[in-house]
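Trainee: Structure file input.tsv (TSV, N, CA and C atoms) is given on the next line.
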```tsv
chain	number	residue	atom	x	y	z
A	1	MET	N	0.85	-1.18	0.00
A	1	MET	CA	0.00	0.00	0.00
A	1	MET	C	0.89	1.23	0.00
A	2	MET	N	0.64	2.15	-0.92
A	2	MET	CA	1.40	3.39	-0.97
A	2	MET	C	0.63	4.47	-0.24
A	3	MET	N	1.35	5.24	0.55
A	3	MET	CA	0.74	6.36	1.23
A	3	MET	C	0.81	7.55	0.27
A	4	SER	N	-0.19	8.37	0.32
A	4	SER	CA	-0.25	9.55	-0.54
A	4	SER	C	0.90	10.49	-0.25
A	5	SER	N	1.45	11.07	-1.31
A	5	SER	CA	2.52	12.04	-1.11
A	5	SER	C	1.97	13.32	-0.47
A	6	ASN	N	0.65	13.47	-0.47
A	6	ASN	CA	0.02	14.62	0.17
A	6	ASN	C	0.03	14.48	1.68
A	7	ALA	N	0.19	13.26	2.17
A	7	ALA	CA	0.19	13.04	3.62
A	7	ALA	C	1.35	13.81	4.23
A	8	ALA	N	1.10	14.43	5.34
A	8	ALA	CA	2.12	15.25	5.99
A	8	ALA	C	3.36	14.41	6.31
A	9	SER	N	4.50	15.01	6.09
A	9	SER	CA	5.76	14.33	6.41
A	9	SER	C	5.90	14.15	7.90
A	10	VAL	N	6.70	13.19	8.27
A	10	VAL	CA	6.95	12.90	9.67
A	10	VAL	C	8.16	13.70	10.15
A	11	LEU	N	9.23	13.68	9.39
A	11	LEU	CA	10.45	14.44	9.69
A	11	LEU	C	11.00	14.92	8.35
A	12	THR	N	10.85	16.21	8.07
A	12	THR	CA	11.22	16.76	6.77
A	12	THR	C	12.72	17.05	6.66
A	13	LYS	N	13.17	17.21	5.44
A	13	LYS	CA	14.56	17.58	5.18
A	13	LYS	C	14.87	18.93	5.83
A	14	SER	N	13.91	19.83	5.77
A	14	SER	CA	14.07	21.16	6.35
A	14	SER	C	14.23	21.08	7.87
A	15	GLU	N	13.43	20.23	8.52
A	15	GLU	CA	13.54	20.06	9.98
A	15	GLU	C	14.91	19.47	10.35
A	16	ILE	N	15.34	18.47	9.60
A	16	ILE	CA	16.64	17.84	9.86
A	16	ILE	C	17.75	18.89	9.74
A	17	SER	N	17.69	19.66	8.67
A	17	SER	CA	18.70	20.70	8.43
A	17	SER	C	18.66	21.76	9.53
A	18	SER	N	17.48	22.19	9.90
A	18	SER	CA	17.33	23.22	10.95
A	18	SER	C	17.88	22.73	12.28
A	19	ILE	N	17.55	21.50	12.63
A	19	ILE	CA	18.05	20.92	13.89
A	19	ILE	C	19.57	20.89	13.88
A	20	ARG	N	20.14	20.39	12.80
A	20	ARG	CA	21.61	20.28	12.72
A	20	ARG	C	22.26	21.66	12.80
A	21	HIS	N	21.70	22.62	12.08
A	21	HIS	CA	22.24	23.98	12.06
A	21	HIS	C	22.15	24.60	13.46
A	22	TYR	N	21.00	24.49	14.09
A	22	TYR	CA	20.78	25.05	15.42
A	22	TYR	C	21.77	24.46	16.43
A	23	VAL	N	21.90	23.15	16.44
A	23	VAL	CA	22.78	22.48	17.39
A	23	VAL	C	24.24	22.85	17.10
A	24	GLN	N	24.60	22.92	15.83
A	24	GLN	CA	25.98	23.28	15.45
A	24	GLN	C	26.35	24.65	16.01
A	25	HIS	N	25.42	25.60	15.94
A	25	HIS	CA	25.73	26.96	16.41
A	25	HIS	C	25.56	27.10	17.92
A	26	LYS	N	24.49	26.58	18.45
A	26	LYS	CA	24.22	26.73	19.89
A	26	LYS	C	25.22	25.96	20.74
A	27	TYR	N	25.63	24.79	20.27
A	27	TYR	CA	26.51	23.93	21.05
A	27	TYR	C	27.87	23.73	20.37
A	28	ALA	N	28.36	24.76	19.72
A	28	ALA	CA	29.62	24.69	18.98
A	28	ALA	C	30.79	24.25	19.84
A	29	ASP	N	30.73	24.55	21.14
A	29	ASP	CA	31.84	24.22	22.03
A	29	ASP	C	31.83	22.77	22.51
A	30	LEU	N	30.74	22.04	22.22
A	30	LEU	CA	30.66	20.64	22.64
A	30	LEU	C	31.37	19.73	21.64
A	31	PRO	N	31.79	18.55	22.09
A	31	PRO	CA	32.40	17.59	21.16
A	31	PRO	C	31.38	17.14	20.10
A	32	THR	N	31.88	16.73	18.96
A	32	THR	CA	31.04	16.30	17.85
A	32	THR	C	30.07	15.21	18.25
A	33	GLU	N	30.54	14.24	19.05
A	33	GLU	CA	29.68	13.13	19.47
A	33	GLU	C	28.49	13.64	20.29
A	34	ARG	N	28.74	14.60	21.16
A	34	ARG	CA	27.66	15.14	22.01
A	34	ARG	C	26.66	15.91	21.15
A	35	ARG	N	27.14	16.67	20.18
A	35	ARG	CA	26.22	17.40	19.28
A	35	ARG	C	25.38	16.41	18.48
A	36	ALA	N	25.99	15.30	18.06
A	36	ALA	CA	25.25	14.27	17.32
A	36	ALA	C	24.15	13.67	18.19
A	37	GLU	N	24.43	13.48	19.47
A	37	GLU	CA	23.42	12.96	20.40
A	37	GLU	C	22.26	13.93	20.54
A	38	ILE	N	22.56	15.21	20.62
A	38	ILE	CA	21.51	16.23	20.76
A	38	ILE	C	20.64	16.25	19.51
A	39	VAL	N	21.26	16.16	18.34
A	39	VAL	CA	20.51	16.13	17.07
A	39	VAL	C	19.63	14.89	17.03
A	40	ALA	N	20.17	13.74	17.37
A	40	ALA	CA	19.42	12.48	17.35
A	40	ALA	C	18.24	12.54	18.32
A	41	ASP	N	18.45	13.11	19.50
A	41	ASP	CA	17.38	13.23	20.48
A	41	ASP	C	16.25	14.12	19.95
A	42	ALA	N	16.59	15.23	19.34
A	42	ALA	CA	15.57	16.13	18.79
A	42	ALA	C	14.78	15.45	17.68
A	43	MET	N	15.48	14.74	16.80
A	43	MET	CA	14.80	14.03	15.71
A	43	MET	C	13.92	12.91	16.28
A	44	GLN	N	14.41	12.23	17.31
A	44	GLN	CA	13.63	11.16	17.93
A	44	GLN	C	12.32	11.71	18.49
A	45	ARG	N	12.37	12.85	19.16
A	45	ARG	CA	11.16	13.43	19.75
A	45	ARG	C	10.15	13.81	18.66
A	46	ILE	N	10.62	14.35	17.55
A	46	ILE	CA	9.72	14.72	16.44
A	46	ILE	C	9.05	13.47	15.87
A	47	VAL	N	9.83	12.44	15.59
A	47	VAL	CA	9.28	11.21	15.00
A	47	VAL	C	8.30	10.54	15.96
A	48	MET	N	8.66	10.44	17.23
A	48	MET	CA	7.80	9.76	18.20
A	48	MET	C	6.41	10.40	18.29
A	49	ARG	N	6.37	11.73	18.19
A	49	ARG	CA	5.07	12.43	18.25
A	49	ARG	C	4.19	12.12	17.06
A	50	GLN	N	4.77	11.66	15.97
A	50	GLN	CA	4.04	11.42	14.73
A	50	GLN	C	3.64	9.96	14.52
A	51	LEU	N	4.07	9.09	15.41
A	51	LEU	CA	3.78	7.66	15.27
A	51	LEU	C	2.37	7.33	15.75
A	52	PRO	N	1.87	6.16	15.33
A	52	PRO	CA	0.59	5.70	15.89
A	52	PRO	C	0.70	5.62	17.42
A	53	ASP	N	-0.43	5.56	18.07
A	53	ASP	CA	-0.49	5.58	19.53
A	53	ASP	C	-0.16	4.21	20.12
A	54	PHE	N	1.07	3.76	19.87
A	54	PHE	CA	1.56	2.49	20.38
A	54	PHE	C	2.10	2.68	21.80
A	55	ALA	N	2.41	1.55	22.43
A	55	ALA	CA	3.12	1.58	23.71
A	55	ALA	C	4.48	2.26	23.50
A	56	GLU	N	4.97	2.89	24.54
A	56	GLU	CA	6.24	3.63	24.47
A	56	GLU	C	7.39	2.77	23.94
A	57	GLU	N	7.46	1.52	24.37
A	57	GLU	CA	8.53	0.61	23.95
A	57	GLU	C	8.51	0.41	22.42
A	58	ILE	N	7.33	0.25	21.86
A	58	ILE	CA	7.20	0.07	20.40
A	58	ILE	C	7.59	1.36	19.69
A	59	LYS	N	7.14	2.49	20.22
A	59	LYS	CA	7.49	3.78	19.60
A	59	LYS	C	9.00	4.01	19.59
A	60	LEU	N	9.66	3.69	20.69
A	60	LEU	CA	11.11	3.86	20.76
A	60	LEU	C	11.82	2.97	19.75
A	61	LYS	N	11.37	1.72	19.63
A	61	LYS	CA	11.97	0.77	18.68
A	61	LYS	C	11.77	1.26	17.24
A	62	LEU	N	10.54	1.66	16.90
A	62	LEU	CA	10.26	2.14	15.55
A	62	LEU	C	11.06	3.40	15.22
A	63	THR	N	11.12	4.31	16.18
A	63	THR	CA	11.85	5.56	15.96
A	63	THR	C	13.32	5.29	15.70
A	64	ALA	N	13.92	4.44	16.50
A	64	ALA	CA	15.34	4.10	16.31
A	64	ALA	C	15.56	3.49	14.93
A	65	GLU	N	14.68	2.60	14.54
A	65	GLU	CA	14.79	1.95	13.23
A	65	GLU	C	14.63	2.97	12.10
A	66	LEU	N	13.65	3.86	12.21
A	66	LEU	CA	13.42	4.87	11.18
A	66	LEU	C	14.60	5.83	11.05
A	67	LEU	N	15.13	6.28	12.18
A	67	LEU	CA	16.26	7.21	12.13
A	67	LEU	C	17.50	6.54	11.55
A	68	LEU	N	17.72	5.28	11.89
A	68	LEU	CA	18.87	4.56	11.37
A	68	LEU	C	18.71	4.25	9.88
A	69	GLN	N	17.59	3.61	9.53
A	69	GLN	CA	17.39	3.16	8.15
A	69	GLN	C	17.15	4.30	7.16
A	70	VAL	N	16.31	5.25	7.53
A	70	VAL	CA	15.90	6.28	6.58
A	70	VAL	C	16.83	7.50	6.63
A	71	VAL	N	17.01	8.08	7.81
A	71	VAL	CA	17.80	9.30	7.90
A	71	VAL	C	19.29	9.02	7.76
A	72	ALA	N	19.82	8.08	8.55
A	72	ALA	CA	21.27	7.83	8.54
A	72	ALA	C	21.73	7.09	7.28
A	73	ARG	N	21.08	5.98	6.95
A	73	ARG	CA	21.55	5.15	5.83
A	73	ARG	C	21.11	5.67	4.47
A	74	GLN	N	19.83	6.04	4.34
A	74	GLN	CA	19.31	6.48	3.04
A	74	GLN	C	19.45	7.99	2.84
A	75	GLN	N	19.78	8.71	3.91
A	75	GLN	CA	19.91	10.16	3.84
A	75	GLN	C	18.63	10.82	3.30
A	76	LYS	N	17.49	10.35	3.81
A	76	LYS	CA	16.18	10.86	3.38
A	76	LYS	C	15.40	11.36	4.58
A	77	PRO	N	14.43	12.23	4.33
A	77	PRO	CA	13.50	12.60	5.41
A	77	PRO	C	12.55	11.42	5.67
A	78	VAL	N	11.97	11.38	6.85
A	78	VAL	CA	11.05	10.30	7.20
A	78	VAL	C	9.64	10.68	6.77
A	79	GLY	N	9.04	9.85	5.96
A	79	GLY	CA	7.68	10.09	5.50
A	79	GLY	C	6.73	9.06	6.09
A	80	PRO	N	5.44	9.30	5.95
A	80	PRO	CA	4.47	8.36	6.47
A	80	PRO	C	4.61	6.97	5.85
A	81	GLU	N	5.08	6.91	4.61
A	81	GLU	CA	5.27	5.61	3.97
A	81	GLU	C	6.34	4.79	4.69
A	82	HIS	N	7.36	5.45	5.23
A	82	HIS	CA	8.40	4.75	5.99
A	82	HIS	C	7.83	4.22	7.31
A	83	VAL	N	7.01	5.04	7.95
A	83	VAL	CA	6.38	4.61	9.21
A	83	VAL	C	5.50	3.41	8.94
A	84	PHE	N	4.65	3.50	7.93
A	84	PHE	CA	3.73	2.42	7.60
A	84	PHE	C	4.50	1.14	7.30
A	85	GLN	N	5.53	1.25	6.49
A	85	GLN	CA	6.35	0.09	6.12
A	85	GLN	C	6.97	-0.55	7.35
A	86	SER	N	7.49	0.25	8.26
A	86	SER	CA	8.09	-0.29	9.49
A	86	SER	C	7.04	-0.97	10.36
A	87	CYS	N	5.84	-0.40	10.38
A	87	CYS	CA	4.76	-0.97	11.21
A	87	CYS	C	4.31	-2.33	10.69
A	88	LEU	N	4.48	-2.59	9.41
A	88	LEU	CA	4.07	-3.87	8.85
A	88	LEU	C	4.87	-5.04	9.42
A	89	ALA	N	6.04	-4.75	9.98
A	89	ALA	CA	6.86	-5.80	10.59
A	89	ALA	C	6.39	-6.12	12.02
A	90	LEU	N	5.48	-5.31	12.56
A	90	LEU	CA	4.97	-5.55	13.91
A	90	LEU	C	3.92	-6.66	13.88
A	91	ASN	N	3.52	-7.11	15.05
A	91	ASN	CA	2.50	-8.15	15.17
A	91	ASN	C	1.12	-7.52	14.98
A	92	LEU	N	0.62	-7.55	13.75
A	92	LEU	CA	-0.67	-6.92	13.45
A	92	LEU	C	-1.85	-7.71	14.00
A	93	ALA	N	-1.61	-8.92	14.48
A	93	ALA	CA	-2.67	-9.69	15.12
A	93	ALA	C	-2.96	-9.17	16.53
A	94	ASP	N	-2.03	-8.39	17.05
A	94	ASP	CA	-2.18	-7.78	18.38
A	94	ASP	C	-3.01	-6.51	18.24
A	95	ARG	N	-4.16	-6.46	18.88
A	95	ARG	CA	-5.04	-5.29	18.78
A	95	ARG	C	-4.36	-4.01	19.27
A	96	ALA	N	-3.42	-4.13	20.22
A	96	ALA	CA	-2.69	-2.97	20.74
A	96	ALA	C	-1.75	-2.39	19.68
A	97	VAL	N	-1.51	-3.14	18.63
A	97	VAL	CA	-0.72	-2.68	17.49
A	97	VAL	C	-1.64	-2.32	16.34
A	98	TYR	N	-2.54	-3.24	16.01
A	98	TYR	CA	-3.39	-3.07	14.84
A	98	TYR	C	-4.30	-1.83	14.95
A	99	GLU	N	-4.97	-1.66	16.08
A	99	GLU	CA	-5.93	-0.55	16.20
A	99	GLU	C	-5.27	0.82	16.12
A	100	PRO	N	-4.16	1.07	16.83
A	100	PRO	CA	-3.51	2.38	16.67
A	100	PRO	C	-3.01	2.61	15.24
A	101	LEU	N	-2.49	1.56	14.60
A	101	LEU	CA	-2.03	1.70	13.21
A	101	LEU	C	-3.21	1.99	12.29
A	102	HIS	N	-4.31	1.33	12.52
A	102	HIS	CA	-5.53	1.56	11.74
A	102	HIS	C	-5.98	3.03	11.85
A	103	MET	N	-6.05	3.52	13.07
A	103	MET	CA	-6.47	4.91	13.30
A	103	MET	C	-5.49	5.89	12.65
A	104	TRP	N	-4.20	5.65	12.80
A	104	TRP	CA	-3.17	6.51	12.23
A	104	TRP	C	-3.29	6.55	10.71
A	105	THR	N	-3.50	5.37	10.11
A	105	THR	CA	-3.62	5.28	8.65
A	105	THR	C	-4.85	6.05	8.17
A	106	GLN	N	-5.96	5.90	8.86
A	106	GLN	CA	-7.17	6.64	8.49
A	106	GLN	C	-6.93	8.15	8.56
A	107	GLN	N	-6.27	8.60	9.62
A	107	GLN	CA	-5.99	10.03	9.77
A	107	GLN	C	-5.07	10.52	8.67
A	108	ARG	N	-4.04	9.75	8.36
A	108	ARG	CA	-3.08	10.15	7.32
A	108	ARG	C	-3.71	10.18	5.93
A	109	LEU	N	-4.60	9.23	5.67
A	109	LEU	CA	-5.23	9.16	4.35
A	109	LEU	C	-6.53	9.95	4.27
A	110	ALA	N	-6.97	10.46	5.42
A	110	ALA	CA	-8.23	11.20	5.51
A	110	ALA	C	-9.37	10.41	4.90
A	111	CYS	N	-9.49	9.15	5.35
A	111	CYS	CA	-10.55	8.29	4.86
A	111	CYS	C	-10.95	7.31	5.95
A	112	SER	N	-12.00	6.59	5.69
A	112	SER	CA	-12.46	5.57	6.63
A	112	SER	C	-12.14	4.19	6.07
A	113	LEU	N	-11.52	3.37	6.88
A	113	LEU	CA	-11.16	2.02	6.46
A	113	LEU	C	-11.86	1.03	7.39
A	114	PRO	N	-12.25	-0.14	6.88
A	114	PRO	CA	-12.86	-1.14	7.76
A	114	PRO	C	-11.85	-1.52	8.84
A	115	LEU	N	-12.34	-1.73	10.07
A	115	LEU	CA	-11.47	-2.06	11.19
A	115	LEU	C	-10.90	-3.47	11.07
A	116	GLU	N	-11.72	-4.42	10.66
A	116	GLU	CA	-11.27	-5.81	10.57
A	116	GLU	C	-10.51	-6.04	9.28
A	117	PRO	N	-9.26	-6.56	9.37
A	117	PRO	CA	-8.45	-6.75	8.18
A	117	PRO	C	-8.93	-7.88	7.29
A	118	PHE	N	-9.65	-8.85	7.87
A	118	PHE	CA	-10.06	-10.01	7.06
A	118	PHE	C	-11.52	-10.29	7.26
```
Just give me the structure as structure tokens.
Mentor:
Amino acid sequence: MMMSSNAASVLTKSEISSIRHYVQHKYADLPTERRAEIVADAMQRIVMRQLPDFAEEIKLKLTAELLLQVVARQQKPVGPEHVFQSCLALNLADRAVYEPLHMWTQQRLACSLPLEPF
């Protein structure tokens, strides 16, 4: 399933650039590793706020995966399609996973989808 390109981005290129620029100037006296941690923390908070309403543990795992796979490795902004793709690896038979993902998908697509997958 492809998510519409009209769906709001989760973490844009502009946000990533702004965070990096801000941290570079505000914390110029800190070691590079510490500045990288501050950037990663800021990006993590942005992504976590945009995820489906999962348990905190699932949100942390998904966020780490998205930042590593999409931002670090692919050098891309995080879009809803990346979130959706990552969520497909979760246990969708678990209502605590399926229902928040269902609601999130409906909100992102601005449509109503049947709750039961089968």
Trainee: Going by DSSP on the backbone, which bits of range 85-117 of chain A are helix (DSSP H, G or I)? Write them as a VMD selection string, please.
Mentor: chain A and resid 85 to 87 95 to 109
Trainee: With N, CA and C atoms retained, write the just-selected residues as a PDB file, in the coordinates of the input.
Mentor:
```
ATOM      1  N   GLN A  85       5.530   1.250   6.490  1.00  0.00           N
ATOM      2  CA  GLN A  85       6.350   0.090   6.120  1.00  0.00           C
ATOM      3  C   GLN A  85       6.970  -0.550   7.350  1.00  0.00           C
ATOM      4  N   SER A  86       7.490   0.250   8.260  1.00  0.00           N
ATOM      5  CA  SER A  86       8.090  -0.290   9.490  1.00  0.00           C
ATOM      6  C   SER A  86       7.040  -0.970  10.360  1.00  0.00           C
ATOM      7  N   CYS A  87       5.840  -0.400  10.380  1.00  0.00           N
ATOM      8  CA  CYS A  87       4.760  -0.970  11.210  1.00  0.00           C
ATOM      9  C   CYS A  87       4.310  -2.330  10.690  1.00  0.00           C
ATOM     10  N   ARG A  95      -4.160  -6.460  18.880  1.00  0.00           N
ATOM     11  CA  ARG A  95      -5.040  -5.290  18.780  1.00  0.00           C
ATOM     12  C   ARG A  95      -4.360  -4.010  19.270  1.00  0.00           C
ATOM     13  N   ALA A  96      -3.420  -4.130  20.220  1.00  0.00           N
ATOM     14  CA  ALA A  96      -2.690  -2.970  20.740  1.00  0.00           C
ATOM     15  C   ALA A  96      -1.750  -2.390  19.680  1.00  0.00           C
ATOM     16  N   VAL A  97      -1.510  -3.140  18.630  1.00  0.00           N
ATOM     17  CA  VAL A  97      -0.720  -2.680  17.490  1.00  0.00           C
ATOM     18  C   VAL A  97      -1.640  -2.320  16.340  1.00  0.00           C
ATOM     19  N   TYR A  98      -2.540  -3.240  16.010  1.00  0.00           N
ATOM     20  CA  TYR A  98      -3.390  -3.070  14.840  1.00  0.00           C
ATOM     21  C   TYR A  98      -4.300  -1.830  14.950  1.00  0.00           C
ATOM     22  N   GLU A  99      -4.970  -1.660  16.080  1.00  0.00           N
ATOM     23  CA  GLU A  99      -5.930  -0.550  16.200  1.00  0.00           C
ATOM     24  C   GLU A  99      -5.270   0.820  16.120  1.00  0.00           C
ATOM     25  N   PRO A 100      -4.160   1.070  16.830  1.00  0.00           N
ATOM     26  CA  PRO A 100      -3.510   2.380  16.670  1.00  0.00           C
ATOM     27  C   PRO A 100      -3.010   2.610  15.240  1.00  0.00           C
ATOM     28  N   LEU A 101      -2.490   1.560  14.600  1.00  0.00           N
ATOM     29  CA  LEU A 101      -2.030   1.700  13.210  1.00  0.00           C
ATOM     30  C   LEU A 101      -3.210   1.990  12.290  1.00  0.00           C
ATOM     31  N   HIS A 102      -4.310   1.330  12.520  1.00  0.00           N
ATOM     32  CA  HIS A 102      -5.530   1.560  11.740  1.00  0.00           C
ATOM     33  C   HIS A 102      -5.980   3.030  11.850  1.00  0.00           C
ATOM     34  N   MET A 103      -6.050   3.520  13.070  1.00  0.00           N
ATOM     35  CA  MET A 103      -6.470   4.910  13.300  1.00  0.00           C
ATOM     36  C   MET A 103      -5.490   5.890  12.650  1.00  0.00           C
ATOM     37  N   TRP A 104      -4.200   5.650  12.800  1.00  0.00           N
ATOM     38  CA  TRP A 104      -3.170   6.510  12.230  1.00  0.00           C
ATOM     39  C   TRP A 104      -3.290   6.550  10.710  1.00  0.00           C
ATOM     40  N   THR A 105      -3.500   5.370  10.110  1.00  0.00           N
ATOM     41  CA  THR A 105      -3.620   5.280   8.650  1.00  0.00           C
ATOM     42  C   THR A 105      -4.850   6.050   8.170  1.00  0.00           C
ATOM     43  N   GLN A 106      -5.960   5.900   8.860  1.00  0.00           N
ATOM     44  CA  GLN A 106      -7.170   6.640   8.490  1.00  0.00           C
ATOM     45  C   GLN A 106      -6.930   8.150   8.560  1.00  0.00           C
ATOM     46  N   GLN A 107      -6.270   8.600   9.620  1.00  0.00           N
ATOM     47  CA  GLN A 107      -5.990  10.030   9.770  1.00  0.00           C
ATOM     48  C   GLN A 107      -5.070  10.520   8.670  1.00  0.00           C
ATOM     49  N   ARG A 108      -4.040   9.750   8.360  1.00  0.00           N
ATOM     50  CA  ARG A 108      -3.080  10.150   7.320  1.00  0.00           C
ATOM     51  C   ARG A 108      -3.710  10.180   5.930  1.00  0.00           C
ATOM     52  N   LEU A 109      -4.600   9.230   5.670  1.00  0.00           N
ATOM     53  CA  LEU A 109      -5.230   9.160   4.350  1.00  0.00           C
ATOM     54  C   LEU A 109      -6.530   9.950   4.270  1.00  0.00           C
TER      55      LEU A 109
END
```
Trainee: Using Å and a single decimal, report how far CA of Gln50 in chain A sits from CA of Ile16 in chain A.
Mentor: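 Computing it gives 15.0 Å between the two atoms.
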Trainee: So how far away is atom N of Leu92 in chain A from CA of Glu116 in chain A, in Å?
Mentor: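 These atoms are spaced 12.4 Å apart.
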Trainee: Hey, which of A:Ala72, A:Val78, A:Ala55, A:Leu113 ends up closest to Val97 in chain A? Count only N, CA and C atoms.
Mentor: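 Selected residue with least distance to Val97 in chain A: A:Ala55.
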Trainee: Got a sec: who's within 12 Å of Ile58 in chain A, counting only C-alpha atoms, leaving out chain neighbours fewer than 3 positions off, as a PyMOL selection string?
Mentor: chain A and resi 48+51-55+61-65+86-87+89-91+96-97+100-101
Trainee: Please identify all polymer residues within 12 Å of range 32-35 of chain A, counting only C-alpha atoms, omitting same-chain residues fewer than 5 positions from it, and present them as an MDAnalysis selection string.
Mentor: chainID A and resid 19:27 40:42
Trainee: Which neighbours of Leu115 in chain A fall inside 12 Å, counting only C-alpha atoms, when residues of the same chain fewer than 2 positions from it are skipped, and could you give them as a PyMOL selection string?
Mentor: chain A and resi 95+98-106+112-113+117-118
Trainee: Just the number, please: distance in Å from atom N of Val71 in chain A to atom C of Ala93 in chain A, one decimal.
Mentor: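 Atom N of Val71 in chain A sits 27.8 Å away from atom C of Ala93 in chain A.
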Trainee: Kindly indicate which residue among A:Leu30, A:Val47, A:Ala110, A:Ala36 lies nearest to Lys59 in chain A, using all atoms listed in the file for the distances.
Mentor: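 For Lys59 in chain A, the nearest of the given residues is A:Val47.
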